[in-house]
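The structure under discussion appears below in the form of structure tokens.
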Amino acid sequence: MMTNLFSSFDPSTFTIFSLNWMSSMIMMILIPPMFWLIPSRWSFIWIKIIHMLHQEFKVLIKSNSLKGSSLIFISLFTMILFNNFMGLFPYIFTSSSHMSFTLTLSLPLWLGFMIYGWCNNTIHMLAHMVPQGAPSILLPFLVLIETISNLIRPGALAVRLTANMIAGHLLLTLLGNSGSNLTMISLNLLLIIQLLFLMLEFAVSIIQSYVFSILATLYSSETS
């Protein structure tokens, strides 16, 4: 059982098993079936959001041969967004603040893009290793730099999401733990600051899920 907010970052605080990972599925259970099955205001809003994301991803993918591929990135955005929102509730395990979760999303995507690109567009992938108009004497160094930057992409995606999610949660926790030592006036001020930080975390949850899916889309566009 979780005894403090810091325990929400520990996947093994539920008895002797790591059942805290089940929080990733709680959002899907809490959303009523009528949200998906019966036309309502919420479903129309969500369809509007999906349509806007599709229009953006379609421009970035730049490939007409893989129709419907934007749905992969829309689903990725939705999954990360739900998990980020779940982490905003007190004493609920924040799965998106763990590398084992974020790296599981980024590494297979990046590996699939690389295998597809090198198998089907080898010349195009080789051209990406050398910037256009680069001096011949710098070509070996540029190829090495581009190779390293390409290899660290899945790690950079995972670390970006993990660091942004865990930083805000820890800041809220540290500020909240100091409330017992404050006067009434200072406590009211702390409450206002906590609410502002919570609104910021709400925005960060949306932004980070959007950034993750956008960068994954950009990586896929470089292989076609």
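We label chains A, B, ... in the order they appear in the structure tokens, count residues from 1 in each chain, and number ligands from 1 in the order shown.
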**Contacts of Thr94 (chain A) at 12 Å (only C-alpha atoms; same-chain gap of 6+ positions) as a PyMOL selection string** = chain A and resi 5-11+20-26+80-88+100-102+161-162+165-170+205
With C-alpha atoms kept, could you save the residues just selected as a PDB file, in the first residue's frame?
```pdb
ATOM      1  CA  LEU A   5       3.366  10.452  -2.823  1.00  0.00           C
ATOM      2  CA  PHE A   6       6.958   9.331  -3.360  1.00  0.00           C
ATOM      3  CA  SER A   7       5.670   5.752  -3.325  1.00  0.00           C
ATOM      4  CA  SER A   8       3.689   6.527  -6.465  1.00  0.00           C
ATOM      5  CA  PHE A   9       6.984   6.315  -8.372  1.00  0.00           C
ATOM      6  CA  ASP A  10       7.707   2.816  -7.020  1.00  0.00           C
ATOM      7  CA  PRO A  11       6.159   0.037  -9.156  1.00  0.00           C
ATOM      8  CA  ASN A  20       0.883  -0.724  -9.849  1.00  0.00           C
ATOM      9  CA  TRP A  21       1.414  -0.998 -13.601  1.00  0.00           C
ATOM     10  CA  MET A  22      -2.309  -1.760 -13.817  1.00  0.00           C
ATOM     11  CA  SER A  23      -2.839   1.992 -13.442  1.00  0.00           C
ATOM     12  CA  SER A  24      -2.056   2.227 -17.157  1.00  0.00           C
ATOM     13  CA  MET A  25      -5.362   0.474 -17.859  1.00  0.00           C
ATOM     14  CA  ILE A  26      -7.502   2.212 -15.225  1.00  0.00           C
ATOM     15  CA  ILE A  80       0.638   8.675 -23.317  1.00  0.00           C
ATOM     16  CA  LEU A  81      -1.949  11.374 -22.605  1.00  0.00           C
ATOM     17  CA  PHE A  82      -4.134   9.036 -20.547  1.00  0.00           C
ATOM     18  CA  ASN A  83      -1.171   7.768 -18.537  1.00  0.00           C
ATOM     19  CA  ASN A  84       0.080  11.309 -17.917  1.00  0.00           C
ATOM     20  CA  PHE A  85      -3.356  12.340 -16.657  1.00  0.00           C
ATOM     21  CA  MET A  86      -3.563   9.332 -14.349  1.00  0.00           C
ATOM     22  CA  GLY A  87      -0.301  10.401 -12.743  1.00  0.00           C
ATOM     23  CA  LEU A  88      -1.853  13.736 -11.712  1.00  0.00           C
ATOM     24  CA  SER A 100      10.733   0.921 -18.705  1.00  0.00           C
ATOM     25  CA  PHE A 101       7.452   2.392 -19.980  1.00  0.00           C
ATOM     26  CA  THR A 102       8.720   5.215 -22.199  1.00  0.00           C
ATOM     27  CA  LEU A 161       9.041  12.209 -21.353  1.00  0.00           C
ATOM     28  CA  THR A 162      10.306  10.595 -18.146  1.00  0.00           C
ATOM     29  CA  MET A 165       6.789  13.915 -15.854  1.00  0.00           C
ATOM     30  CA  ILE A 166       8.839  13.077 -12.780  1.00  0.00           C
ATOM     31  CA  ALA A 167      10.209  16.608 -12.253  1.00  0.00           C
ATOM     32  CA  GLY A 168       6.819  18.268 -11.837  1.00  0.00           C
ATOM     33  CA  HIS A 169       5.507  15.487  -9.601  1.00  0.00           C
ATOM     34  CA  LEU A 170       8.518  15.690  -7.304  1.00  0.00           C
ATOM     35  CA  SER A 205       0.945  16.229 -19.703  1.00  0.00           C
TER      36      SER A 205
END
```
**Message:** Using DSSP secondary structure from the backbone, list all helix (DSSP H, G or I) positions within chain A, as JSON, numbers by chain.
**Reply:** {"A": [5, 6, 7, 8, 9, 19, 20, 21, 22, 23, 24, 25, 26, 27, 28, 29, 30, 34, 35, 36, 37, 41, 42, 43, 44, 45, 46, 47, 48, 49, 50, 51, 52, 53, 54, 55, 56, 57, 58, 59, 60, 61, 70, 71, 72, 73, 74, 75, 76, 77, 78, 79, 80, 81, 82, 83, 84, 85, 86, 95, 96, 97, 99, 100, 101, 102, 103, 104, 105, 106, 107, 108, 109, 110, 111, 112, 113, 114, 115, 116, 117, 118, 119, 120, 122, 123, 124, 125, 126, 127, 128, 136, 137, 138, 139, 140, 141, 142, 143, 144, 145, 146, 147, 148, 149, 150, 151, 153, 154, 155, 156, 157, 158, 159, 160, 161, 162, 163, 164, 165, 166, 167, 168, 169, 170, 171, 172, 173, 174, 175, 176, 177, 178, 179, 180, 181, 184, 185, 186, 187, 188, 189, 190, 191, 192, 193, 194, 195, 196, 197, 198, 199, 200, 201, 202, 203, 204, 205, 206, 207, 208, 209, 210, 211, 212, 213, 214, 215, 216, 217, 218, 219, 220, 221]}
**Prompt:** If you count only C-alpha atoms, which residues fall within 12 Å of Val59 (chain A), apart from same-chain ones fewer than 6 positions away, as a VMD selection string?
**Reply:** chain A and resid 52 to 53 69 to 70 214 217 to 218 221
**Request:** Name the residues in contact with His124 (chain A) at a cut-off of 9 Å, using only C-alpha atoms, excluding same-chain residues fewer than 3 positions from it; report them as a VMD selection string.
**Result:** chain A and resid 117 to 118 121 127 to 128 222 to 224
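Restricting the calculation to only C-alpha atoms, the smallest distance between Ile152 (chain A) and any of A:Met199, A:Leu111, A:Ile31, A:Leu182 is found for A:Leu111.
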